[in-house]
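Peer 1: Take a look at the following structure, please.
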Amino acid sequence: MDVLYDPALWTVLIFLFLLLIKVPIAISIGIASLAVAWQCDLGLPMTSYNFFANIAKFPLLAIPYFILAGNIMSRAGIATRIINLIRISFGKLTGGLAIATVIVAAFWGAVSGSPAATVAALGVILIPGMVDAGYSRPFATAVVSVSSGLSSVIPPSIAFIMYSVITGVSIGAIFAAGFIPGFIIALCMIVSVYLSSRRHGYRGDNIERKPGDLRAAFKEAVFALLIPVIILGGIYGGIFTPTEAAAVACFYGLFVGVFVYRSLSIKVIYEVLVDTLIGSAIVMFISACAGLYSWVSASVGLVEKTSALLIGISGNEYVTLLMIYIILFIGGMLLDAVSLMYVFMPLIMPVMANFGWDPVWFGVMLAIMVAIGCVTPPVAVSLFVGCRISGLTIEELTPPVLPLLFSMLCGMAVLSIFPQITMFLPKLMGFM
């Protein structure tokens, strides 16, 4: 009977109950935290301090800037020029447009950092283009929606920034760690879309290409191709911090959009600023509420009890890791990326320390789980954005999504068995 009075249990039950009755995630986390804090006399005045302390962190400044940079580059026509270049390069292959979509999504991941924003930016161009080329609408939407998850793995990634804030690992180290896994996951997706395209007879486009088309497309896209070089080269060259890099990306995008492509008007810039304000406010509010939940969970012993349970079930690190992946998979179906990290990372960090897992490596694995969570209902943000663009339902989209999810899990299995793949670049660049 004492279990029924355990505040750690009620911290979870209240949160899950509110989720089940469809209370918004941030509100559910906040109410559960306040209820347990009040009942356990943790000191309600402390909740206001914790609420603001969770967002008063310098690395979090990078998030509004990266959201703004992604919005600017999306509206400036940069995505259109990148897509045109990749389409000319790969469009004639079997499944060429689907392969090109994965490559563009990987490249856009180095610009946006947000899976949902990547679907919105690329989907309006690529989904109709693939349908016109003979691909089925569900397959086209699935490829765009799932491959956009690469934005969580390929730096600069908002998921990496949040993980760094929560765990204290170096942003530079985890950015460096994301490159090779991101390309491995992208390669697994390319294999999947190629096999699916062969099975369904998607033979590539019929557009005639002149000898100078590739050169002309490259010339048009050169300013867009420089964006990751400026952002990541500046960070690793020691010229500026990730936050400063995000601000530089904003100004670069404005310069290209206003003076080079001439696609940004005062009205468009105003709309971009409004969208950025709303997106940033949502992320920060969720961060504040989720951080409060983490504090309450630690105070009532939920962290210690959950960690002890996970460690006690099996002494085999691979069994424990698989259990954590299953928990994160289920959590990703219910929570957004920020909430997933704040709710589960305090529980997992003692387990990581017990088995000696490198937090940088695990951060990359968590980012892949975040990408998977973006396309697993009911809280499948990327799928819902894709459905809104294509006019399909989640049920229609599920069959073509499954092979792509399987390809991501295969890539993740390789990275789990061989963590040295993930750690190669951080060690080579002197972060470890």
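Ligands are numbered from 1 in the order shown, residues from 1 within each chain, and chains are lettered A, B, ... in the order they appear in the structure tokens.
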Find the spatial neighbours of Val146 in chain A, counting only C-alpha atoms, within a cut-off of 7 Å - ignore same-chain residues fewer than 4 positions away - and output them as a list of chain:residue names.
Peer 2: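 Contacts, with the query itself left out: A:Ala142, A:Val375, A:Leu404.
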Peer 1: Report as a PyMOL selection string all protein, DNA and RNA residues lying within 12 Å of Phe329 in chain A, evaluated on only C-alpha atoms, omitting residues in the same chain fewer than 5 positions from it.
Peer 2: chain A and resi 322-324+334-337+340+344+365-377+379-380+405+409
Peer 1: Nearest to Asn316 in chain A among A:Phe355, A:Phe183, A:Tyr252, A:Met333, with distances taken over only C-alpha atoms: which residue is it?
Peer 2: A:Phe355
Peer 1: At what distance in Å, to one decimal, does CA of Leu226 in chain A lie from CA of Ala120 in chain A?
Peer 2: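 Going from CA of Ala120 in chain A over to CA of Leu226 in chain A covers 21.7 Å.
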Peer 1: Restricting the calculation to only C-alpha atoms: of A:Gly391, A:Gly234, A:Gly96, A:Pro399, which residue gets closest to Tyr202 in chain A?
Peer 2: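 Closest residue, counting only C-alpha atoms: A:Gly96.
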Peer 1: Here is a test: counting only C-alpha atoms, which residue of A:Tyr163, A:Val401, A:Ile25, A:Tyr261 is nearest to Thr80 in chain A?
Peer 2: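 Result for the nearest residue to Thr80 in chain A: A:Tyr261.
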Peer 1: Quick one: residues within 9 Å of Ala110 in chain A, only C-alpha atoms, excluding same-chain residues fewer than 5 positions away - as number ranges by chain?
Peer 2: A: 105, 151, 154-157, 227-228, 231-232
Peer 1: Pull N, CA and C atoms from the residues just selected and write them as an mmCIF file, in the first residue's frame.
Peer 2:
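Listed below is the output, part_0.cif:
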```cif
data_model
loop_
_atom_site.group_PDB
_atom_site.id
_atom_site.type_symbol
_atom_site.label_atom_id
_atom_site.label_comp_id
_atom_site.auth_asym_id
_atom_site.auth_seq_id
_atom_site.Cartn_x
_atom_site.Cartn_y
_atom_site.Cartn_z
ATOM 1 N N ALA A 105 17.498 16.393 -47.969
ATOM 2 C CA ALA A 105 17.126 16.450 -46.552
ATOM 3 C C ALA A 105 18.361 16.431 -45.666
ATOM 4 N N SER A 151 17.652 16.042 -39.918
ATOM 5 C CA SER A 151 17.934 17.350 -39.318
ATOM 6 C C SER A 151 18.229 17.240 -37.829
ATOM 7 N N ILE A 154 22.232 15.420 -38.149
ATOM 8 C CA ILE A 154 23.316 16.141 -38.816
ATOM 9 C C ILE A 154 23.385 17.557 -38.251
ATOM 10 N N PRO A 155 24.535 17.961 -37.722
ATOM 11 C CA PRO A 155 24.640 19.285 -37.108
ATOM 12 C C PRO A 155 24.578 20.409 -38.151
ATOM 13 N N PRO A 156 24.159 21.622 -37.725
ATOM 14 C CA PRO A 156 23.764 21.987 -36.363
ATOM 15 C C PRO A 156 22.336 21.516 -36.085
ATOM 16 N N SER A 157 22.146 20.850 -34.965
ATOM 17 C CA SER A 157 20.868 20.241 -34.629
ATOM 18 C C SER A 157 20.331 20.832 -33.327
ATOM 19 N N ILE A 227 26.400 27.751 -47.050
ATOM 20 C CA ILE A 227 25.823 27.953 -45.712
ATOM 21 C C ILE A 227 26.410 26.976 -44.689
ATOM 22 N N PRO A 228 26.399 25.646 -44.933
ATOM 23 C CA PRO A 228 26.998 24.748 -43.938
ATOM 24 C C PRO A 228 28.486 25.002 -43.742
ATOM 25 N N ILE A 231 28.698 27.999 -41.358
ATOM 26 C CA ILE A 231 28.250 27.678 -40.000
ATOM 27 C C ILE A 231 29.243 26.741 -39.308
ATOM 28 N N LEU A 232 29.481 25.584 -39.920
ATOM 29 C CA LEU A 232 30.303 24.570 -39.275
ATOM 30 C C LEU A 232 31.792 24.894 -39.361
#
```
Peer 1: Residues at most 12 Å from Ala173 in chain A, counting only C-alpha atoms, excluding those fewer than 3 positions away in the same chain, as an MDAnalysis selection string?
Peer 2: chainID A and resid 155:156 160:161 163:164 168:170 176:179 235:236 242 358:361 363:364 422:432
Peer 1: Just want the 12 Å neighbourhood of Ser196 in chain A, counted on only C-alpha atoms, with same-chain residues fewer than 3 positions away dropped. Output as a list in words.
Peer 2: Thr94, Gly95, Gly96, Ala98, Ile99, Tyr135, Ser136, Phe139, Ala140, Ala142, Val143, Met189, Ile190, Val191, Ser192, Val193, Arg199, His200, Gly201, Tyr202, Arg203, Pro399, Pro400, Val401, Leu402, Pro403, Leu404 and Ser407 of chain A
Peer 1: Print the selection's residues with N, CA and C atoms to a file, as a tab-separated table (two decimals), in the first residue's frame.
Peer 2:
```
chain	number	residue	atom	x	y	z
A	94	THR	N	17.32	5.07	-61.18
A	94	THR	CA	16.14	4.39	-60.64
A	94	THR	C	15.86	4.93	-59.24
A	95	GLY	N	14.65	5.44	-59.06
A	95	GLY	CA	14.33	6.08	-57.78
A	95	GLY	C	15.12	7.35	-57.56
A	96	GLY	N	15.55	7.98	-58.66
A	96	GLY	CA	16.46	9.14	-58.55
A	96	GLY	C	15.91	10.28	-57.73
A	98	ALA	N	13.65	10.13	-55.36
A	98	ALA	CA	13.59	9.71	-53.96
A	98	ALA	C	14.98	9.77	-53.33
A	99	ILE	N	16.00	9.31	-54.07
A	99	ILE	CA	17.37	9.40	-53.58
A	99	ILE	C	17.78	10.86	-53.41
A	135	TYR	N	5.83	8.93	-59.05
A	135	TYR	CA	5.87	8.30	-57.73
A	135	TYR	C	4.48	8.40	-57.09
A	136	SER	N	4.13	7.42	-56.26
A	136	SER	CA	2.85	7.50	-55.56
A	136	SER	C	2.92	8.61	-54.50
A	139	PHE	N	4.15	7.39	-51.03
A	139	PHE	CA	5.59	7.12	-51.00
A	139	PHE	C	6.38	8.42	-50.99
A	140	ALA	N	5.99	9.36	-51.83
A	140	ALA	CA	6.69	10.65	-51.90
A	140	ALA	C	6.63	11.38	-50.56
A	142	ALA	N	6.10	10.02	-47.60
A	142	ALA	CA	6.85	9.27	-46.59
A	142	ALA	C	8.34	9.55	-46.70
A	143	VAL	N	8.88	9.59	-47.91
A	143	VAL	CA	10.31	9.83	-48.10
A	143	VAL	C	10.68	11.21	-47.56
A	189	MET	N	18.78	4.96	-45.63
A	189	MET	CA	17.53	5.42	-46.26
A	189	MET	C	17.62	5.34	-47.78
A	190	ILE	N	18.78	5.72	-48.33
A	190	ILE	CA	18.94	5.67	-49.79
A	190	ILE	C	18.79	4.25	-50.29
A	191	VAL	N	19.37	3.28	-49.58
A	191	VAL	CA	19.21	1.87	-49.96
A	191	VAL	C	17.74	1.48	-49.92
A	192	SER	N	17.04	1.91	-48.88
A	192	SER	CA	15.62	1.58	-48.73
A	192	SER	C	14.79	2.16	-49.86
A	193	VAL	N	14.98	3.45	-50.18
A	193	VAL	CA	14.17	4.07	-51.23
A	193	VAL	C	14.53	3.51	-52.61
A	199	ARG	N	11.10	-1.97	-56.78
A	199	ARG	CA	9.93	-2.85	-56.62
A	199	ARG	C	8.67	-2.24	-57.25
A	200	HIS	N	8.55	-0.90	-57.16
A	200	HIS	CA	7.35	-0.24	-57.68
A	200	HIS	C	7.54	0.35	-59.07
A	201	GLY	N	8.75	0.19	-59.63
A	201	GLY	CA	8.97	0.66	-61.00
A	201	GLY	C	9.15	2.15	-61.16
A	202	TYR	N	9.69	2.82	-60.13
A	202	TYR	CA	9.95	4.26	-60.25
A	202	TYR	C	11.32	4.43	-60.93
A	203	ARG	N	11.31	4.79	-62.19
A	203	ARG	CA	12.52	4.74	-63.01
A	203	ARG	C	13.29	6.05	-63.12
A	399	PRO	N	2.13	2.58	-44.40
A	399	PRO	CA	2.85	1.50	-45.10
A	399	PRO	C	4.18	1.91	-45.71
A	400	PRO	N	4.27	3.02	-46.47
A	400	PRO	CA	5.59	3.39	-47.02
A	400	PRO	C	6.57	3.94	-45.99
A	401	VAL	N	6.08	4.32	-44.81
A	401	VAL	CA	6.97	4.82	-43.76
A	401	VAL	C	7.74	3.68	-43.11
A	402	LEU	N	7.12	2.52	-42.98
A	402	LEU	CA	7.71	1.41	-42.23
A	402	LEU	C	9.07	0.95	-42.76
A	403	PRO	N	9.26	0.77	-44.08
A	403	PRO	CA	10.61	0.37	-44.56
A	403	PRO	C	11.67	1.42	-44.24
A	404	LEU	N	11.31	2.68	-44.30
A	404	LEU	CA	12.26	3.74	-43.99
A	404	LEU	C	12.62	3.74	-42.52
A	407	SER	N	15.05	1.00	-41.96
A	407	SER	CA	16.40	1.37	-42.39
A	407	SER	C	17.10	2.22	-41.34
```
Peer 1: Within range 60-213 of chain A, find each residue whose DSSP state, derived from the backbone, is helix (DSSP H, G or I), and express the selection as a count of residues only.
Peer 2: 118
Peer 1: Could you state the separation of CA of Ala247 in chain A and CA of Thr167 in chain A in Å, given to one decimal place?
Peer 2: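 Computing the Euclidean distance for CA of Ala247 in chain A and CA of Thr167 in chain A yields 23.8 Å.
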Peer 1: Would you mind telling me which residue in A:Phe418, A:Tyr270, A:Phe66, A:Phe406 lies nearest to Gly253 in chain A when using only C-alpha atoms?
Peer 2: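 Result for the nearest residue to Gly253 in chain A: A:Phe66.
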Peer 1: Excluding range 215-217 of chain A and residues on its chain fewer than 3 positions from it, collect all residues at most 7 Å away from it, counting only C-alpha atoms, and give them as a VMD selection string.
Peer 2: chain A and resid 84 to 85 212 220 to 221
Peer 1: Keeping only N, CA and C atoms, write those residues as a compact mmCIF listing (two decimals), in the first residue's frame.
Peer 2:
```
# COMPACT_ATOMS: atom_id res chain seq x y z
N ASN A 84 17.06 21.70 -57.10
CA ASN A 84 17.29 21.67 -58.54
C ASN A 84 18.66 21.07 -58.86
N LEU A 85 19.66 21.42 -58.07
CA LEU A 85 21.00 20.89 -58.29
C LEU A 85 21.04 19.38 -58.06
N GLY A 212 25.38 21.90 -70.20
CA GLY A 212 25.65 23.00 -69.28
C GLY A 212 24.67 23.12 -68.13
N GLU A 220 23.83 28.55 -59.63
CA GLU A 220 22.67 29.10 -58.93
C GLU A 220 22.67 28.74 -57.45
N ALA A 221 23.18 27.54 -57.14
CA ALA A 221 23.10 27.03 -55.77
C ALA A 221 24.33 27.31 -54.93
```
Peer 1: Return the single residue from A:Val272, A:Ile31, A:Ile158, A:Cys289 that is closest to Thr243 in chain A, with distances computed using only C-alpha atoms.
Peer 2: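 Using only C-alpha atoms, the shortest distance to Thr243 in chain A belongs to A:Ile158.
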Peer 1: Between CA of Ala37 in chain A and CA of Asn354 in chain A, measure the distance and give it in Å to one decimal.
Peer 2: 28.8 Å
Peer 1: When you count only C-alpha atoms, which of these residues is closest to Gly291 in chain A: A:Leu310, A:Met162, A:Leu20, A:Val153?
Peer 2: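 Under the stated criterion, the closest residue is A:Met162.
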